[in-house]
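Q: What follows is input-v7.cif, mmCIF, C-alpha atoms.
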```cif
data_input
loop_
_atom_site.label_atom_id
_atom_site.label_comp_id
_atom_site.auth_asym_id
_atom_site.auth_seq_id
_atom_site.Cartn_x
_atom_site.Cartn_y
_atom_site.Cartn_z
CA MET C 1 104.74 73.71 152.24
CA ARG C 2 101.18 74.32 153.35
CA LEU C 3 98.35 72.56 151.53
CA ARG C 4 96.37 75.33 149.86
CA ARG C 5 92.95 75.56 148.34
CA LEU C 6 92.12 78.05 145.59
CA LEU C 7 92.40 81.54 147.06
CA PRO C 8 89.68 84.15 146.52
CA LEU C 9 90.65 86.92 144.10
CA TRP C 10 90.68 89.62 146.79
CA MET C 11 93.16 87.59 148.85
CA LEU C 12 95.47 87.20 145.85
CA VAL C 13 95.36 90.95 145.16
CA LEU C 14 96.02 91.86 148.79
CA GLY C 15 98.78 89.29 149.06
CA GLY C 16 100.48 90.76 146.01
CA CYS C 17 100.26 94.25 147.49
CA ALA C 18 101.82 93.00 150.71
CA LEU C 19 104.73 91.43 148.86
CA ILE C 20 105.35 94.62 146.91
CA ALA C 21 105.19 96.65 150.12
CA ALA C 22 107.76 94.39 151.75
CA GLY C 23 110.18 95.16 148.92
CA GLN C 24 112.97 92.84 150.00
CA THR C 25 114.05 89.21 149.96
CA ALA C 26 113.63 87.42 153.26
CA PRO C 27 116.87 86.16 154.80
CA SER C 28 117.45 82.44 155.20
CA ILE C 29 116.21 80.83 158.41
CA SER C 30 118.11 77.88 159.85
CA ALA C 31 116.28 75.14 161.73
CA PRO C 32 116.35 71.36 162.18
CA ALA C 33 114.31 68.94 160.10
CA ALA C 34 110.54 69.36 160.08
CA PRO C 35 108.43 67.52 162.69
CA ALA C 36 106.69 64.37 161.56
CA ALA C 37 103.13 65.45 162.40
CA PRO C 38 101.29 68.41 160.83
CA GLY C 39 100.86 71.48 163.00
CA VAL C 40 102.36 74.76 164.14
CA TYR C 41 105.62 74.47 166.08
CA LEU C 42 107.95 76.68 168.11
CA LEU C 43 111.70 75.99 168.05
CA ALA C 44 113.59 75.59 171.30
CA SER C 45 116.83 77.04 169.96
CA SER C 46 119.11 77.04 173.00
CA PRO C 47 119.16 75.89 176.63
CA GLY C 48 118.52 79.49 177.73
CA SER C 49 115.42 79.82 175.60
CA VAL C 50 113.83 76.39 175.80
CA PRO C 51 110.05 76.89 175.73
CA GLY C 52 108.43 75.62 178.86
CA PRO C 53 105.04 75.40 180.54
CA LEU C 54 103.85 77.82 183.16
CA PRO C 55 104.74 77.07 186.79
CA GLY C 56 102.38 74.54 188.29
CA SER C 57 101.63 72.67 185.06
CA ALA C 58 102.97 69.19 184.47
CA PRO C 59 104.18 68.53 180.92
CA GLU C 60 104.72 64.92 179.84
CA SER C 61 108.37 65.61 179.02
CA ALA C 62 110.75 68.55 178.99
CA PRO C 63 111.78 69.81 175.53
CA GLU C 64 115.35 69.25 174.41
CA PRO C 65 117.51 72.02 172.89
CA GLU C 66 117.08 72.28 169.11
CA SER C 67 113.67 70.59 169.23
CA TRP C 68 110.22 71.56 167.98
CA ILE C 69 107.44 72.25 170.47
CA ARG C 70 103.95 71.79 169.07
CA LEU C 71 101.57 74.65 169.84
CA ASP C 72 97.93 73.81 170.45
CA SER C 73 95.31 76.05 168.87
CA ILE C 74 92.93 77.81 171.24
CA GLN C 75 89.51 79.19 170.40
CA PRO C 76 88.17 82.45 171.83
CA SER C 77 85.96 82.21 174.86
CA ASN C 78 84.18 85.42 173.90
CA VAL C 79 83.90 87.42 170.68
CA LYS C 80 82.53 90.91 170.32
CA ALA C 81 81.07 91.83 166.96
CA GLU C 82 79.72 95.00 165.46
CA ARG C 83 78.40 96.23 162.15
CA SER C 84 81.12 98.02 160.19
CA THR C 85 81.96 99.31 156.72
CA LEU C 86 84.52 96.55 156.37
CA SER C 87 81.95 93.87 157.19
CA MET C 88 79.58 95.24 154.56
CA LEU C 89 82.37 95.15 151.95
CA ALA C 90 83.06 91.56 152.94
CA GLY C 91 79.39 90.69 152.46
CA ALA C 92 78.66 89.96 156.13
CA THR C 93 76.25 91.68 158.48
CA GLN C 94 78.68 91.53 161.39
CA GLN C 95 82.40 91.00 161.77
CA PRO C 96 84.20 90.05 164.98
CA THR C 97 86.28 92.95 166.24
CA LEU C 98 87.66 91.67 169.56
CA ALA C 99 88.41 88.06 170.51
CA GLU C 100 89.03 87.05 174.11
CA TYR C 101 91.05 83.97 175.08
CA ILE C 102 91.14 82.35 178.52
CA GLY C 103 94.43 82.72 180.36
CA ALA C 104 96.58 85.82 180.79
CA GLN C 105 99.64 83.94 179.53
CA ALA C 106 100.30 81.23 176.96
CA GLN C 107 101.35 77.84 178.28
CA PHE C 108 104.58 77.70 176.27
CA ARG C 109 107.07 80.54 176.56
CA THR C 110 110.50 81.34 175.20
CA ALA C 111 113.30 83.75 176.02
CA ASP C 112 114.28 83.90 172.33
CA ARG C 113 113.34 87.40 171.12
CA GLN C 114 113.27 86.25 167.46
CA PRO C 115 111.88 82.74 167.79
CA VAL C 116 111.64 80.42 164.80
CA LEU C 117 108.28 78.79 164.07
CA CYS C 118 107.32 76.04 161.65
CA VAL C 119 103.99 75.74 159.84
CA ASN C 120 104.12 72.08 158.90
CA ARG C 121 101.62 70.85 156.31
CA VAL C 122 98.68 72.79 157.74
CA GLU C 123 95.68 72.59 155.41
CA THR C 124 94.49 76.16 154.97
CA ALA C 125 93.85 78.65 152.20
CA ALA C 126 95.19 81.56 154.23
CA ASP C 127 98.73 82.65 154.97
CA PRO C 128 99.97 82.64 158.58
CA VAL C 129 99.93 85.96 160.43
CA LEU C 130 101.98 86.69 163.53
CA VAL C 131 99.89 88.72 165.96
CA ARG C 132 100.37 90.20 169.41
CA LEU C 133 97.75 89.67 172.10
CA LYS C 134 97.12 91.98 175.01
CA SER C 135 97.23 90.32 178.43
CA LYS C 136 94.65 91.31 181.05
CA LYS C 137 95.84 89.66 184.22
CA ASP C 138 93.00 91.11 186.31
CA LYS C 139 90.53 89.16 184.14
CA ASN C 140 92.88 86.23 183.35
CA VAL C 141 92.36 86.66 179.60
CA ARG C 142 94.22 87.72 176.46
CA ASP C 143 92.60 90.00 173.87
CA LEU C 144 93.18 90.05 170.12
CA ASP C 145 91.92 93.06 168.20
CA ILE C 146 90.61 91.26 165.13
CA GLY C 147 89.33 94.52 163.66
CA ALA C 148 92.83 96.00 163.72
CA VAL C 149 94.32 92.82 162.28
CA ARG C 150 91.79 92.78 159.46
CA ALA C 151 92.39 96.46 158.66
CA THR C 152 96.15 95.89 158.61
CA LEU C 153 95.86 92.96 156.22
CA MET C 154 93.54 94.95 153.96
CA VAL C 155 96.05 97.79 153.71
CA GLY C 156 99.04 95.50 153.28
CA ALA C 157 102.44 94.98 154.86
CA SER C 158 103.37 98.66 154.89
CA LEU C 159 101.05 99.41 157.82
CA ALA C 160 102.50 96.55 159.85
CA GLN C 161 106.01 97.74 159.10
CA ALA C 162 105.03 101.24 160.21
CA GLY C 163 104.55 99.94 163.74
CA ASN C 164 101.04 98.49 164.07
CA SER C 165 101.27 96.56 167.33
CA ASP C 166 98.64 93.93 166.48
CA VAL C 167 100.33 92.47 163.38
CA VAL C 168 104.05 91.66 163.58
CA PRO C 169 106.17 91.69 160.39
CA MET C 170 107.92 88.39 159.81
CA ASN C 171 110.13 86.57 157.33
CA GLU C 172 108.98 83.33 155.73
CA ALA C 173 111.16 80.62 154.21
CA PRO C 174 109.38 77.63 152.62
CA ARG C 175 111.35 74.37 152.62
CA GLY C 176 111.10 71.23 150.58
CA ASP C 177 110.31 69.02 153.57
CA GLY C 178 106.85 70.54 154.00
CA CYS C 179 107.80 73.03 156.71
CA ASP C 180 107.37 76.77 156.16
CA LEU C 181 109.76 78.53 158.54
CA LEU C 182 108.64 81.82 160.09
CA GLN C 183 110.65 84.33 162.11
CA PRO C 184 109.84 87.85 163.34
CA ALA C 185 111.59 90.47 161.25
CA ARG C 186 112.90 92.11 164.41
CA ALA C 187 113.29 91.33 168.10
CA LEU C 188 109.95 90.97 169.87
CA PRO C 189 109.12 92.89 173.03
CA LEU C 190 108.20 90.70 175.97
CA GLY C 191 104.57 89.71 175.79
CA GLU C 192 101.94 87.37 174.33
CA TYR C 193 101.90 86.31 170.67
CA GLY C 194 100.32 83.81 168.35
CA ILE C 195 99.93 82.57 164.79
CA ILE C 196 96.55 82.89 163.08
CA PHE C 197 95.57 81.97 159.53
CA GLY C 198 93.86 85.01 158.09
CA PRO C 199 91.52 87.36 159.96
CA ASP C 200 88.47 85.08 159.76
CA ASP C 201 89.87 82.01 161.53
CA LEU C 202 89.99 83.00 165.20
CA ALA C 203 91.98 79.96 166.36
CA VAL C 204 95.34 81.12 167.78
CA TYR C 205 98.52 79.07 168.15
CA ALA C 206 99.75 80.99 171.16
CA PHE C 207 103.16 81.43 172.77
CA GLY C 208 104.81 83.97 175.04
CA VAL C 209 108.14 85.80 175.03
CA GLN C 210 109.65 86.28 178.46
CA ALA C 211 112.92 87.47 179.95
CA GLU C 212 115.88 85.13 180.35
CA PRO C 213 115.57 83.29 183.67
CA LYS C 214 117.98 84.57 186.30
CA PRO C 215 120.62 82.03 187.37
CA ARG C 216 120.07 80.66 190.84
CA PRO C 217 122.76 81.62 193.35
CA ALA C 218 125.02 78.76 194.36
CA ARG C 219 124.33 77.35 197.78
CA SER C 220 127.13 77.76 200.25
CA ALA C 221 128.62 74.59 201.70
CA LEU C 222 127.67 73.77 205.26
CA PRO C 223 130.52 74.28 207.79
#
```
Kindly present the structure from the file in C-alpha coordinates form.
A:
Amino acid sequence: MRLRRLLPLWMLVLGGCALIAAGQTAPSISAPAAPAAPGVYLLASSPGSVPGPLPGSAPESAPEPESWIRLDSIQPSNVKAERSTLSMLAGATQQPTLAEYIGAQAQFRTADRQPVLCVNRVETAADPVLVRLKSKKDKNVRDLDIGAVRATLMVGASLAQAGNSDVVPMNEAPRGDGCDLLQPARALPLGEYGIIFGPDDLAVYAFGVQAEPKPRPARSALP
(Lines of atoms letter the chains of each structure in order from A and count residues from 1; the text may use other names and numbers.)
(Lines give C-alpha, C1' and ligand atoms only; values in the text may rest on other atoms or scores of the structure.)
Protein backbone atom coordinates (compact mmCIF):
# COMPACT_ATOMS: atom_id res chain seq x y z
CA MET A 1 0.00 0.00 0.00
CA ARG A 2 1.08 3.59 -0.43
CA LEU A 3 2.62 5.42 2.51
CA ARG A 4 0.16 8.18 3.37
CA ARG A 5 0.35 11.32 5.42
CA LEU A 6 -2.71 12.83 7.08
CA LEU A 7 -5.08 13.99 4.35
CA PRO A 8 -6.67 17.45 4.43
CA LEU A 9 -10.37 17.43 5.29
CA TRP A 10 -11.45 18.60 1.82
CA MET A 11 -9.60 15.68 0.22
CA LEU A 12 -11.33 13.20 2.53
CA VAL A 13 -14.74 14.66 1.71
CA LEU A 14 -14.10 14.65 -2.04
CA GLY A 15 -12.67 11.15 -1.90
CA GLY A 16 -15.79 9.92 -0.14
CA CYS A 17 -18.00 11.53 -2.76
CA ALA A 18 -15.99 9.85 -5.51
CA LEU A 19 -16.40 6.44 -3.89
CA ILE A 20 -20.14 6.94 -3.54
CA ALA A 21 -20.36 8.06 -7.17
CA ALA A 22 -18.54 4.95 -8.32
CA GLY A 23 -21.19 2.81 -6.64
CA GLN A 24 -19.62 -0.57 -7.32
CA THR A 25 -16.91 -2.93 -6.11
CA ALA A 26 -13.82 -2.98 -8.26
CA PRO A 27 -13.07 -6.35 -9.88
CA SER A 28 -9.95 -8.26 -8.91
CA ILE A 29 -6.78 -7.50 -10.88
CA SER A 30 -4.25 -10.26 -11.44
CA ALA A 31 -0.55 -9.47 -11.63
CA PRO A 32 2.81 -10.92 -10.58
CA ALA A 33 4.55 -10.09 -7.32
CA ALA A 34 5.36 -6.46 -6.61
CA PRO A 35 8.71 -5.02 -7.75
CA ALA A 36 11.39 -4.67 -5.12
CA ALA A 37 11.96 -0.92 -5.49
CA PRO A 38 9.34 1.79 -4.83
CA GLY A 39 7.86 3.49 -7.86
CA VAL A 40 5.14 3.41 -10.50
CA TYR A 41 5.26 0.43 -12.86
CA LEU A 42 3.57 -0.75 -16.05
CA LEU A 43 2.97 -4.48 -16.58
CA ALA A 44 4.17 -6.15 -19.75
CA SER A 45 1.35 -8.70 -19.85
CA SER A 46 2.00 -10.60 -23.08
CA PRO A 47 4.57 -10.82 -25.88
CA GLY A 48 2.24 -8.80 -28.12
CA SER A 49 1.97 -5.96 -25.65
CA VAL A 50 5.43 -5.77 -24.13
CA PRO A 51 6.14 -2.09 -23.42
CA GLY A 52 9.11 -0.86 -25.35
CA PRO A 53 11.08 2.30 -25.99
CA LEU A 54 10.59 4.50 -29.01
CA PRO A 55 12.55 3.64 -32.16
CA GLY A 56 16.08 4.98 -31.98
CA SER A 57 16.44 4.74 -28.20
CA ALA A 58 18.70 2.16 -26.62
CA PRO A 59 17.29 0.54 -23.46
CA GLU A 60 19.68 -1.39 -21.21
CA SER A 61 17.60 -4.56 -21.57
CA ALA A 62 14.38 -5.65 -23.23
CA PRO A 63 11.47 -6.36 -20.86
CA GLU A 64 10.34 -9.95 -20.45
CA PRO A 65 6.67 -11.01 -20.66
CA GLU A 66 4.90 -10.78 -17.29
CA SER A 67 7.43 -8.25 -15.97
CA TRP A 68 7.12 -4.79 -14.46
CA ILE A 69 8.51 -1.78 -16.31
CA ARG A 70 9.35 1.16 -14.11
CA LEU A 71 8.02 4.49 -15.37
CA ASP A 72 10.13 7.59 -14.76
CA SER A 73 8.35 10.74 -13.64
CA ILE A 74 8.66 13.76 -15.90
CA GLN A 75 8.18 17.38 -14.92
CA PRO A 76 6.49 19.95 -17.17
CA SER A 77 8.73 22.11 -19.28
CA ASN A 78 6.16 24.89 -19.28
CA VAL A 79 3.13 25.68 -17.11
CA LYS A 80 0.45 28.24 -17.85
CA ALA A 81 -1.37 29.70 -14.88
CA GLU A 82 -4.28 32.04 -14.48
CA ARG A 83 -6.38 33.49 -11.70
CA SER A 84 -9.60 31.52 -11.26
CA THR A 85 -12.49 30.99 -8.86
CA LEU A 86 -11.11 27.56 -8.05
CA SER A 87 -7.70 28.98 -7.15
CA MET A 88 -9.29 31.51 -4.80
CA LEU A 89 -11.24 28.72 -3.07
CA ALA A 90 -7.99 26.79 -2.71
CA GLY A 91 -6.34 29.82 -1.12
CA ALA A 92 -3.87 30.48 -3.94
CA THR A 93 -3.52 33.51 -6.17
CA GLN A 94 -2.86 31.41 -9.25
CA GLN A 95 -3.39 27.80 -10.22
CA PRO A 96 -1.72 26.01 -13.12
CA THR A 97 -4.23 25.26 -15.85
CA LEU A 98 -2.11 23.73 -18.62
CA ALA A 99 1.12 21.74 -18.23
CA GLU A 100 3.38 21.04 -21.19
CA TYR A 101 5.78 18.08 -21.31
CA ILE A 102 8.64 17.62 -23.77
CA GLY A 103 8.13 14.85 -26.30
CA ALA A 104 5.05 14.06 -28.38
CA GLN A 105 5.13 10.43 -27.21
CA ALA A 106 6.06 8.63 -24.01
CA GLN A 107 9.17 6.48 -24.10
CA PHE A 108 7.40 3.30 -22.98
CA ARG A 109 4.37 2.09 -24.91
CA THR A 110 2.03 -0.87 -24.78
CA ALA A 111 -0.50 -2.49 -27.08
CA ASP A 112 -2.57 -3.60 -24.07
CA ARG A 113 -5.75 -1.50 -24.14
CA GLN A 114 -6.40 -2.12 -20.41
CA PRO A 115 -2.87 -2.13 -19.01
CA VAL A 116 -2.17 -2.98 -15.39
CA LEU A 117 -0.10 -0.55 -13.35
CA CYS A 118 1.43 -0.85 -9.90
CA VAL A 119 1.91 1.98 -7.42
CA ASN A 120 4.52 0.42 -5.17
CA ARG A 121 5.18 2.09 -1.82
CA VAL A 122 5.09 5.63 -3.19
CA GLU A 123 5.15 8.16 -0.36
CA THR A 124 2.32 10.58 -1.08
CA ALA A 125 -0.81 11.92 0.56
CA ALA A 126 -2.76 11.91 -2.69
CA ASP A 127 -4.44 9.10 -4.58
CA PRO A 128 -3.21 8.20 -8.07
CA VAL A 129 -5.16 9.62 -11.00
CA LEU A 130 -5.03 8.21 -14.53
CA VAL A 131 -5.01 11.08 -17.02
CA ARG A 132 -4.87 11.42 -20.78
CA LEU A 133 -2.41 13.82 -22.39
CA LYS A 134 -2.86 15.48 -25.75
CA SER A 135 0.02 14.99 -28.17
CA LYS A 136 1.15 17.93 -30.31
CA LYS A 137 3.58 16.42 -32.78
CA ASP A 138 4.17 19.73 -34.56
CA LYS A 139 5.61 21.14 -31.32
CA ASN A 140 6.99 17.81 -29.99
CA VAL A 141 5.12 18.19 -26.70
CA ARG A 142 2.26 16.66 -24.73
CA ASP A 143 -0.31 18.83 -22.93
CA LEU A 144 -2.20 18.06 -19.74
CA ASP A 145 -5.20 20.22 -18.91
CA ILE A 146 -4.65 20.54 -15.17
CA GLY A 147 -7.64 22.85 -14.85
CA ALA A 148 -9.94 20.18 -16.27
CA VAL A 149 -8.37 17.51 -14.07
CA ARG A 150 -8.81 19.64 -10.97
CA ALA A 151 -12.44 20.41 -11.83
CA THR A 152 -13.15 16.71 -12.41
CA LEU A 153 -11.66 15.72 -9.06
CA MET A 154 -13.63 18.46 -7.31
CA VAL A 155 -16.90 17.19 -8.76
CA GLY A 156 -16.09 13.53 -8.15
CA ALA A 157 -16.00 10.31 -10.12
CA SER A 158 -19.37 10.83 -11.79
CA LEU A 159 -17.98 13.46 -14.18
CA ALA A 160 -15.12 11.18 -15.20
CA GLN A 161 -17.54 8.34 -15.79
CA ALA A 162 -19.68 10.64 -17.93
CA GLY A 163 -16.87 10.83 -20.46
CA ASN A 164 -14.42 13.56 -19.40
CA SER A 165 -11.41 12.84 -21.61
CA ASP A 166 -8.77 14.22 -19.23
CA VAL A 167 -9.44 11.89 -16.28
CA VAL A 168 -9.82 8.17 -16.97
CA PRO A 169 -11.93 6.01 -14.61
CA MET A 170 -9.95 3.11 -13.21
CA ASN A 171 -10.21 0.21 -10.78
CA GLU A 172 -7.84 -0.06 -7.83
CA ALA A 173 -6.92 -3.20 -5.90
CA PRO A 174 -4.56 -2.79 -2.92
CA ARG A 175 -2.43 -5.83 -2.09
CA GLY A 176 -0.62 -6.93 1.01
CA ASP A 177 2.81 -6.82 -0.61
CA GLY A 178 2.80 -3.02 -0.81
CA CYS A 179 1.62 -2.77 -4.42
CA ASP A 180 -1.64 -1.01 -5.29
CA LEU A 181 -2.80 -2.39 -8.64
CA LEU A 182 -4.52 -0.01 -11.06
CA GLN A 183 -6.36 -0.79 -14.29
CA PRO A 184 -8.52 1.37 -16.58
CA ALA A 185 -12.20 0.60 -16.13
CA ARG A 186 -12.57 0.21 -19.89
CA ALA A 187 -10.39 -0.18 -22.96
CA LEU A 188 -8.27 2.90 -23.65
CA PRO A 189 -8.22 4.60 -27.03
CA LEU A 190 -4.78 4.83 -28.60
CA GLY A 191 -2.91 7.80 -27.23
CA GLU A 192 -0.78 9.24 -24.42
CA TYR A 193 -1.51 8.63 -20.74
CA GLY A 194 0.05 9.00 -17.33
CA ILE A 195 -0.38 8.64 -13.59
CA ILE A 196 -0.36 11.76 -11.42
CA PHE A 197 -0.86 12.09 -7.67
CA GLY A 198 -3.53 14.71 -7.19
CA PRO A 199 -3.95 17.88 -9.25
CA ASP A 200 -1.18 19.83 -7.49
CA ASP A 201 1.75 17.50 -8.19
CA LEU A 202 2.52 18.02 -11.87
CA ALA A 203 4.97 15.11 -12.17
CA VAL A 204 3.60 12.54 -14.65
CA TYR A 205 4.50 8.86 -14.89
CA ALA A 206 3.85 8.65 -18.61
CA PHE A 207 3.13 5.78 -20.99
CA GLY A 208 1.50 5.37 -24.38
CA VAL A 209 -1.07 2.97 -25.83
CA GLN A 210 -0.41 2.00 -29.42
CA ALA A 211 -1.75 -0.47 -31.96
CA GLU A 212 -0.53 -4.06 -32.07
CA PRO A 213 2.59 -4.24 -34.25
CA LYS A 214 1.95 -5.81 -37.63
CA PRO A 215 3.74 -9.13 -38.19
CA ARG A 216 6.61 -8.89 -40.62
CA PRO A 217 6.08 -10.85 -43.85
CA ALA A 218 8.24 -13.94 -44.15
CA ARG A 219 11.17 -13.60 -46.50
CA SER A 220 11.05 -15.86 -49.49
CA ALA A 221 13.90 -18.33 -49.89
CA LEU A 222 16.47 -17.51 -52.53
CA PRO A 223 16.29 -19.78 -55.63
Q: If we count only C-alpha atoms, what is near Gly208 (chain C) at a cut-off of 12 Å, once residues fewer than 3 positions away on the same chain are taken out, given as an MDAnalysis selection string?
A: chainID C and resid 42 49:54 71 103:115 131:135 142 188:195 205 211
Q: Just give me the gap between CA of Pro76 (chain C) and CA of Ala151 (chain C) in Å, one decimal is fine.
A: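 Separation between CA of Pro76 (chain C) and CA of Ala151 (chain C): 19.7 Å.
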Q: Restricting the calculation to all atoms listed in the file: of C:Leu98, C:Val149, C:Ala36, C:Cys118, which residue gets closest to Asp166 (chain C)?
A: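 Distance minimum relative to Asp166 (chain C) lands on C:Val149.
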Q: Go through C:Val167, C:Ala185, C:Ala34, C:Ala206 and flag the residue nearest Ile102 (chain C), using all atoms listed in the file for the distances.
A: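 That would be C:Ala206, the residue with the smallest distance to Ile102 (chain C).
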Q: What residues come out when you apply the PyMOL selection byres ((chain C and resi 202) around 9) to this file, written as a count of residues only?
A: 13
Q: CA of Leu117 (chain C) to CA of Ala148 (chain C): how many Å, to one decimal?
A: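 These atoms are spaced 23.1 Å apart.
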Q: Quick check, in Å to one decimal: how far apart do CA of Ser67 (chain C) and CA of Ala125 (chain C) lie?
A: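 Separating CA of Ser67 (chain C) from CA of Ala125 (chain C) is a distance of 27.3 Å.
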Q: Looking at C:Lys139, C:Val209, C:Asn120, C:Asp145, which one is nearest to Lys80 (chain C), with distances taken over all atoms listed in the file?
A: C:Asp145
Q: Between C:Leu181, C:Val155, C:Val129, C:Val141, which one has atoms that come closest to Leu43 (chain C), using all atoms listed in the file?
A: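 Counting all atoms listed in the file, the residue closest to Leu43 (chain C) is C:Leu181.
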Q: My list of candidates is C:Thr124, C:Gln183, C:Asn78, C:Ser165. Which is closest to Pro38 (chain C) when distances are computed with all atoms listed in the file?
A: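 So, comparing all the options, the nearest one is C:Thr124.
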Q: For the file shown, report as a ChimeraX atom specification the outcome of the PyMOL selection byres ((chain C and resi 170-172) around 7) at residue level.
A: /C:26,168-169,173-174,180-185
Q: Counting all atoms listed in the file, figure out which residue out of C:Arg150, C:Cys179, C:Tyr101, C:Asp72 gets nearest to Lys137 (chain C).
A: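 Using all atoms listed in the file, Lys137 (chain C) sits closest to C:Tyr101.
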Q: Would you compute, for all listed atoms of region 180-197 of chain C, the axis-aligned bounding box grown by 4 Å on each side, and then report its centre and edge lengths in Å rounded to one decimal, as JSON?
A:
```
{"center_x": 104.4, "center_y": 84.8, "center_z": 166.1, "size_x": 25.7, "size_y": 24.1, "size_z": 27.8}
```
